[in-house]
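What follows is data.cif (mmCIF, C-alpha atoms).
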data_my_file
loop_
_atom_site.label_atom_id
_atom_site.label_comp_id
_atom_site.auth_asym_id
_atom_site.auth_seq_id
_atom_site.Cartn_x
_atom_site.Cartn_y
_atom_site.Cartn_z
CA MET A 1 0.00 0.00 0.00
CA ASN A 2 2.86 2.38 0.85
CA THR A 3 4.63 1.97 -2.47
CA VAL A 4 1.72 1.88 -4.89
CA THR A 5 -1.23 3.64 -3.25
CA TYR A 6 -0.25 5.87 -0.32
CA SER A 7 2.67 7.31 -2.29
CA GLN A 8 0.28 9.02 -4.71
CA HIS A 9 -0.41 12.73 -4.18
CA ALA A 10 -4.05 12.21 -5.15
CA VAL A 11 -4.55 9.51 -2.53
CA ARG A 12 -2.90 11.55 0.20
CA ASP A 13 -4.99 14.62 -0.61
CA PHE A 14 -8.16 12.56 -0.91
CA LEU A 15 -7.67 10.93 2.50
CA VAL A 16 -6.82 14.19 4.26
CA GLU A 17 -9.76 15.99 2.69
CA ASN A 18 -12.34 13.31 3.39
CA CYS A 19 -11.28 11.45 6.56
CA ILE A 20 -9.25 11.35 9.70
CA PRO A 21 -6.59 8.79 8.70
CA VAL A 22 -5.49 6.32 11.37
CA ARG A 23 -2.93 3.52 11.17
CA SER A 24 -3.15 0.66 13.64
CA GLN A 25 -0.25 -1.77 13.75
CA CYS A 26 -1.32 -5.43 13.79
CA ASP A 27 0.26 -8.29 15.67
CA PHE A 28 -1.09 -11.74 14.89
CA THR A 29 0.79 -13.39 17.74
CA HIS A 30 -0.61 -11.03 20.38
CA PHE A 31 -3.82 -9.50 19.04
CA THR A 32 -4.00 -5.79 19.83
CA ALA A 33 -7.03 -4.19 21.50
CA MET A 34 -7.91 -2.54 18.18
CA MET A 35 -7.72 -5.88 16.34
CA LYS A 36 -10.05 -7.42 18.91
CA ARG A 37 -12.40 -4.43 18.89
CA TYR A 38 -12.81 -4.57 15.10
CA GLN A 39 -12.32 -8.33 14.65
CA VAL A 40 -9.37 -7.93 12.28
CA LYS A 41 -8.16 -11.25 10.87
CA TRP A 42 -5.96 -10.20 7.95
CA THR A 43 -4.00 -7.26 6.62
CA PRO A 44 -4.45 -4.92 5.07
CA THR A 45 -7.92 -4.36 6.49
CA PHE A 46 -9.50 -0.92 6.20
CA VAL A 47 -12.58 0.29 8.08
CA ILE A 48 -14.63 3.47 7.93
CA LEU A 49 -15.94 4.57 11.32
CA ASP A 50 -18.22 7.31 12.59
CA PRO A 51 -17.04 9.46 15.52
CA ASP A 52 -18.65 6.99 17.94
CA GLY A 53 -16.37 4.26 16.62
CA ARG A 54 -19.12 2.37 14.80
CA GLU A 55 -18.06 0.62 11.60
CA HIS A 56 -19.87 1.43 8.33
CA HIS A 57 -17.64 -0.08 5.67
CA ARG A 58 -14.80 -2.59 5.46
CA MET A 59 -12.27 -3.54 2.80
CA VAL A 60 -9.81 -6.41 3.02
CA GLY A 61 -6.80 -6.77 0.75
CA PHE A 62 -4.58 -4.54 -1.35
CA LEU A 63 -6.29 -1.82 -3.40
CA PRO A 64 -4.68 0.24 -6.19
CA PRO A 65 -5.21 4.02 -5.98
CA GLU A 66 -8.44 4.35 -8.00
CA ASP A 67 -10.18 1.44 -6.26
CA PHE A 68 -8.90 2.61 -2.88
CA MET A 69 -10.30 6.12 -3.22
CA ALA A 70 -13.58 4.76 -4.60
CA GLN A 71 -13.98 2.43 -1.60
CA VAL A 72 -13.22 5.20 0.89
CA GLN A 73 -15.76 7.44 -0.85
CA LEU A 74 -18.29 4.59 -0.78
CA GLY A 75 -17.64 4.11 2.94
CA LYS A 76 -18.27 7.79 3.55
CA ALA A 77 -21.58 7.55 1.67
CA LYS A 78 -22.60 4.42 3.60
CA LEU A 79 -21.94 6.16 6.90
CA TYR A 80 -24.52 8.83 5.99
CA TYR A 81 -26.87 6.18 4.58
CA ASP A 82 -26.71 4.20 7.85
CA GLN A 83 -27.49 7.39 9.77
CA ASP A 84 -30.56 8.00 7.53
CA ARG A 85 -29.01 11.24 6.27
CA LEU A 86 -30.25 10.28 2.84
CA ASP A 87 -29.73 13.57 0.97
CA LYS A 88 -26.11 13.64 2.04
CA ALA A 89 -25.70 9.92 1.32
CA ALA A 90 -27.16 10.35 -2.18
CA SER A 91 -24.73 13.12 -3.07
CA GLU A 92 -21.80 11.03 -1.80
CA PHE A 93 -22.96 7.95 -3.75
CA GLN A 94 -23.20 10.17 -6.83
CA ILE A 95 -19.56 11.18 -6.37
CA VAL A 96 -18.51 7.50 -6.35
CA ILE A 97 -20.42 6.90 -9.58
CA GLU A 98 -19.19 9.99 -11.42
CA ARG A 99 -15.58 10.06 -10.22
CA PHE A 100 -14.84 6.32 -10.12
CA PRO A 101 -17.17 4.74 -12.71
CA LYS A 102 -14.90 1.81 -13.54
CA THR A 103 -14.65 0.46 -9.99
CA ALA A 104 -16.62 -2.15 -8.08
CA ALA A 105 -17.52 0.58 -5.58
CA ALA A 106 -19.50 2.36 -8.30
CA GLU A 107 -21.68 -0.71 -8.84
CA GLU A 108 -22.65 -0.82 -5.16
CA ALA A 109 -23.11 2.95 -5.16
CA VAL A 110 -25.63 2.76 -8.03
CA PHE A 111 -27.63 0.16 -6.12
CA LEU A 112 -27.60 2.09 -2.84
CA LEU A 113 -28.33 5.39 -4.58
CA GLY A 114 -31.50 3.78 -5.90
CA VAL A 115 -32.43 2.54 -2.45
CA ALA A 116 -31.71 5.93 -0.87
CA GLY A 117 -33.79 7.60 -3.58
CA TYR A 118 -36.69 5.26 -2.90
CA LYS A 119 -36.47 5.82 0.86
CA ARG A 120 -36.55 9.59 0.32
CA SER A 121 -39.35 9.70 -2.25
CA HIS A 122 -41.25 6.41 -1.88
CA GLN A 123 -41.19 6.31 -5.68
CA ALA A 124 -40.49 2.81 -6.98
CA GLY A 125 -39.09 4.38 -10.12
CA GLU A 126 -35.91 5.17 -8.18
CA LEU A 127 -35.27 1.45 -7.78
CA ARG A 128 -36.07 0.76 -11.42
CA LYS A 129 -33.65 3.51 -12.51
CA ALA A 130 -30.92 1.84 -10.48
CA TRP A 131 -31.58 -1.48 -12.20
CA GLU A 132 -31.60 0.17 -15.62
CA LYS A 133 -28.22 1.80 -15.02
CA LEU A 134 -26.74 -1.35 -13.53
CA SER A 135 -27.95 -3.58 -16.37
CA ARG A 136 -26.70 -1.09 -18.97
CA ASP A 137 -23.31 -0.16 -17.45
CA TYR A 138 -22.47 -3.16 -15.26
CA PRO A 139 -24.29 -6.19 -16.74
CA GLN A 140 -22.01 -8.72 -14.98
CA SER A 141 -22.20 -7.14 -11.55
CA GLU A 142 -23.60 -8.93 -8.51
CA TRP A 143 -25.44 -5.65 -7.80
CA THR A 144 -27.21 -5.97 -11.16
CA ARG A 145 -28.42 -9.43 -10.13
CA LYS A 146 -29.58 -8.04 -6.78
CA ALA A 147 -31.45 -5.23 -8.53
CA LYS A 148 -33.14 -7.46 -11.12
CA VAL A 149 -36.28 -7.71 -8.98
CA TYR A 150 -36.75 -3.95 -9.53
CA SER A 151 -36.92 -4.38 -13.32
CA THR A 152 -40.68 -4.90 -13.25
CA LEU A 153 -41.52 -1.93 -11.02
CA MET B 1 8.68 13.25 -2.72
CA PRO B 2 4.97 13.49 -2.02
CA LYS B 3 3.88 14.76 1.37
CA GLN B 4 3.31 11.98 3.88
CA ILE B 5 -0.17 11.07 5.04
CA PRO B 6 -0.57 12.54 8.55
CA TRP B 7 -1.57 9.30 10.25
CA GLU B 8 -3.04 9.30 13.73
CA THR B 9 -1.91 6.24 15.68
CA VAL B 10 -4.35 6.28 18.62
CA ILE B 11 -8.06 5.83 17.99
CA GLU B 12 -9.68 7.96 20.71
CA PRO B 13 -8.12 11.29 19.68
CA ALA B 14 -8.96 10.41 16.08
CA LEU B 15 -12.62 9.85 17.01
CA ASP B 16 -12.63 13.19 18.82
CA ARG B 17 -11.17 14.87 15.74
CA GLY B 18 -13.77 13.17 13.56
CA SER B 19 -16.49 14.57 15.78
CA ARG B 20 -15.04 18.09 15.75
CA GLU B 21 -14.28 18.15 12.02
CA GLN B 22 -17.43 16.22 11.01
CA LYS B 23 -15.40 13.63 9.13
CA PRO B 24 -15.40 9.84 9.01
CA ILE B 25 -12.45 8.00 10.52
CA PHE B 26 -10.47 5.77 8.18
CA VAL B 27 -8.45 3.03 9.91
CA ASP B 28 -5.74 1.06 8.13
CA PHE B 29 -4.88 -2.12 10.03
CA TRP B 30 -1.43 -2.85 8.73
CA LEU B 31 1.53 -5.11 9.30
CA ASP B 32 4.99 -3.57 9.28
CA GLY B 33 7.52 -5.13 6.92
#
In structure tokens, what does this structure look like?
Amino acid sequence: MNTVTYSQHAVRDFLVENCIPVRSQCDFTHFTAMMKRYQVKWTPTFVILDPDGREHHRMVGFLPPEDFMAQVQLGKAKLYYDQDRLDKAASEFQIVIERFPKTAAAEEAVFLLGVAGYKRSHQAGELRKAWEKLSRDYPQSEWTRKAKVYSTL
Amino acid sequence: MPKQIPWETVIEPALDRGSREQKPIFVDFWLDG
């Protein structure tokens, strides 16, 4: 991560702008309190927390810069989504989709943007729009399969 | 050389900062070496 991802200016600026970055050293012979608290079993593991320490998103394994930033952005959006701050969540999901369209995070963001839109408006068309975009732009995605039930709405 | 990421290393002050600055906390669980 240091050599490929964290060494990039864009990643550094993105993290500083969007998050409070924390590094927690792991020890698999004597599990640290943080490893126990967040049930960390492998490295690298990344989590997005709210200020109460609650986890909203997790990534396990190496991520190149584009995928890394997309996942952090998705985690930020999911934090707002979990807090039912749906307007804020929707705008953050939109950033994932527009800025990182070729990443797996964008696929999940399209799905959750549809759900957030439905929860805000109670219009089933929001869910159908999500399926339409997923089936058009990400036909092989697991999120497209999950959204298929919305195709008839 | 790019500027280093200003990592916090202790969680509680980072949570306090997150609260003050209205930002999520990103934690990288890493293994040195």
Worksheet item: Contacts of range 10-25 of chain B at 7 Å or less, counting all atoms listed in the file, minus same-chain residues fewer than 4 places along, as a PyMOL selection string?
Response: chain A and resi 18-21+48-53+76
For the residues in the current selection, export C-alpha atoms as a PDB file, in the frame of the given file.
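Writing the result to out-v8.pdb gives the following:
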ATOM      1  CA  ASN A  18     -12.340  13.310   3.390  1.00  0.00           C
ATOM      2  CA  CYS A  19     -11.280  11.450   6.560  1.00  0.00           C
ATOM      3  CA  ILE A  20      -9.250  11.350   9.700  1.00  0.00           C
ATOM      4  CA  PRO A  21      -6.590   8.790   8.700  1.00  0.00           C
ATOM      5  CA  ILE A  48     -14.630   3.470   7.930  1.00  0.00           C
ATOM      6  CA  LEU A  49     -15.940   4.570  11.320  1.00  0.00           C
ATOM      7  CA  ASP A  50     -18.220   7.310  12.590  1.00  0.00           C
ATOM      8  CA  PRO A  51     -17.040   9.460  15.520  1.00  0.00           C
ATOM      9  CA  ASP A  52     -18.650   6.990  17.940  1.00  0.00           C
ATOM     10  CA  GLY A  53     -16.370   4.260  16.620  1.00  0.00           C
ATOM     11  CA  LYS A  76     -18.270   7.790   3.550  1.00  0.00           C
TER      12      LYS A  76
END
Discussion item. As JSON, numbers by chain, could you give me every residue of chain A near chain B (at most 10 Å apart, counting only C-alpha atoms)?
Written reply: {"A": [1, 6, 7, 8, 9, 10, 11, 12, 13, 15, 16, 17, 18, 19, 20, 21, 22, 23, 24, 25, 26, 27, 28, 34, 35, 38, 40, 41, 42, 43, 44, 45, 46, 47, 48, 49, 50, 51, 52, 53, 54, 55, 56, 57, 58, 59, 60, 72, 75, 76, 77, 79, 80]}
Item to complete: Record the distance separating CA of Glu107 in chain A and CA of Pro65 in chain A, expressed in Å with one decimal.
Response: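 Atom-to-atom, CA of Glu107 in chain A to CA of Pro65 in chain A, that is 17.4 Å.
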With the file shown as input, list the residues that the PyMOL selection byres ((chain A and resi 88-90) around 8) selects, as a JSON list (two decimals) with C-alpha atoms, keeping the file's coordinate frame.
[["chain", "number", "residue", "atom", "x", "y", "z"],
["A", 77, "ALA", "CA", -21.58, 7.55, 1.67],
["A", 78, "LYS", "CA", -22.60, 4.42, 3.60],
["A", 79, "LEU", "CA", -21.94, 6.16, 6.90],
["A", 80, "TYR", "CA", -24.52, 8.83, 5.99],
["A", 81, "TYR", "CA", -26.87, 6.18, 4.58],
["A", 85, "ARG", "CA", -29.01, 11.24, 6.27],
["A", 86, "LEU", "CA", -30.25, 10.28, 2.84],
["A", 87, "ASP", "CA", -29.73, 13.57, 0.97],
["A", 91, "SER", "CA", -24.73, 13.12, -3.07],
["A", 92, "GLU", "CA", -21.80, 11.03, -1.80],
["A", 93, "PHE", "CA", -22.96, 7.95, -3.75],
["A", 94, "GLN", "CA", -23.20, 10.17, -6.83],
["A", 113, "LEU", "CA", -28.33, 5.39, -4.58],
["A", 116, "ALA", "CA", -31.71, 5.93, -0.87],
["A", 117, "GLY", "CA", -33.79, 7.60, -3.58]]
Fill in: Shell of 12 Å around range 142-151 of chain A, all atoms listed in the file, local chain residues under 5 positions omitted, as a VMD selection string
chain A and resid 104 to 115 118 123 to 137
Worksheet item: What is the CA of Leu74 in chain A-CA of Lys102 in chain A distance in Å, reported with one decimal?
Response: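 Distance reported for this atom pair: 13.5 Å.
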Worksheet item: Any idea what the distance is between CA of Ser121 in chain A and CA of Ile97 in chain A?
Response: 20.5 Å
So for range 7-24 of chain B, what box centre and size do we get, axis-aligned, 8 Å extra on each of the six sides, every listed atom, Å to one decimal, as lines of an AutoDock Vina configuration file?
center_x = -9.5
center_y = 12.0
center_z = 14.9
size_x = 31.9
size_y = 28.3
size_z = 27.7
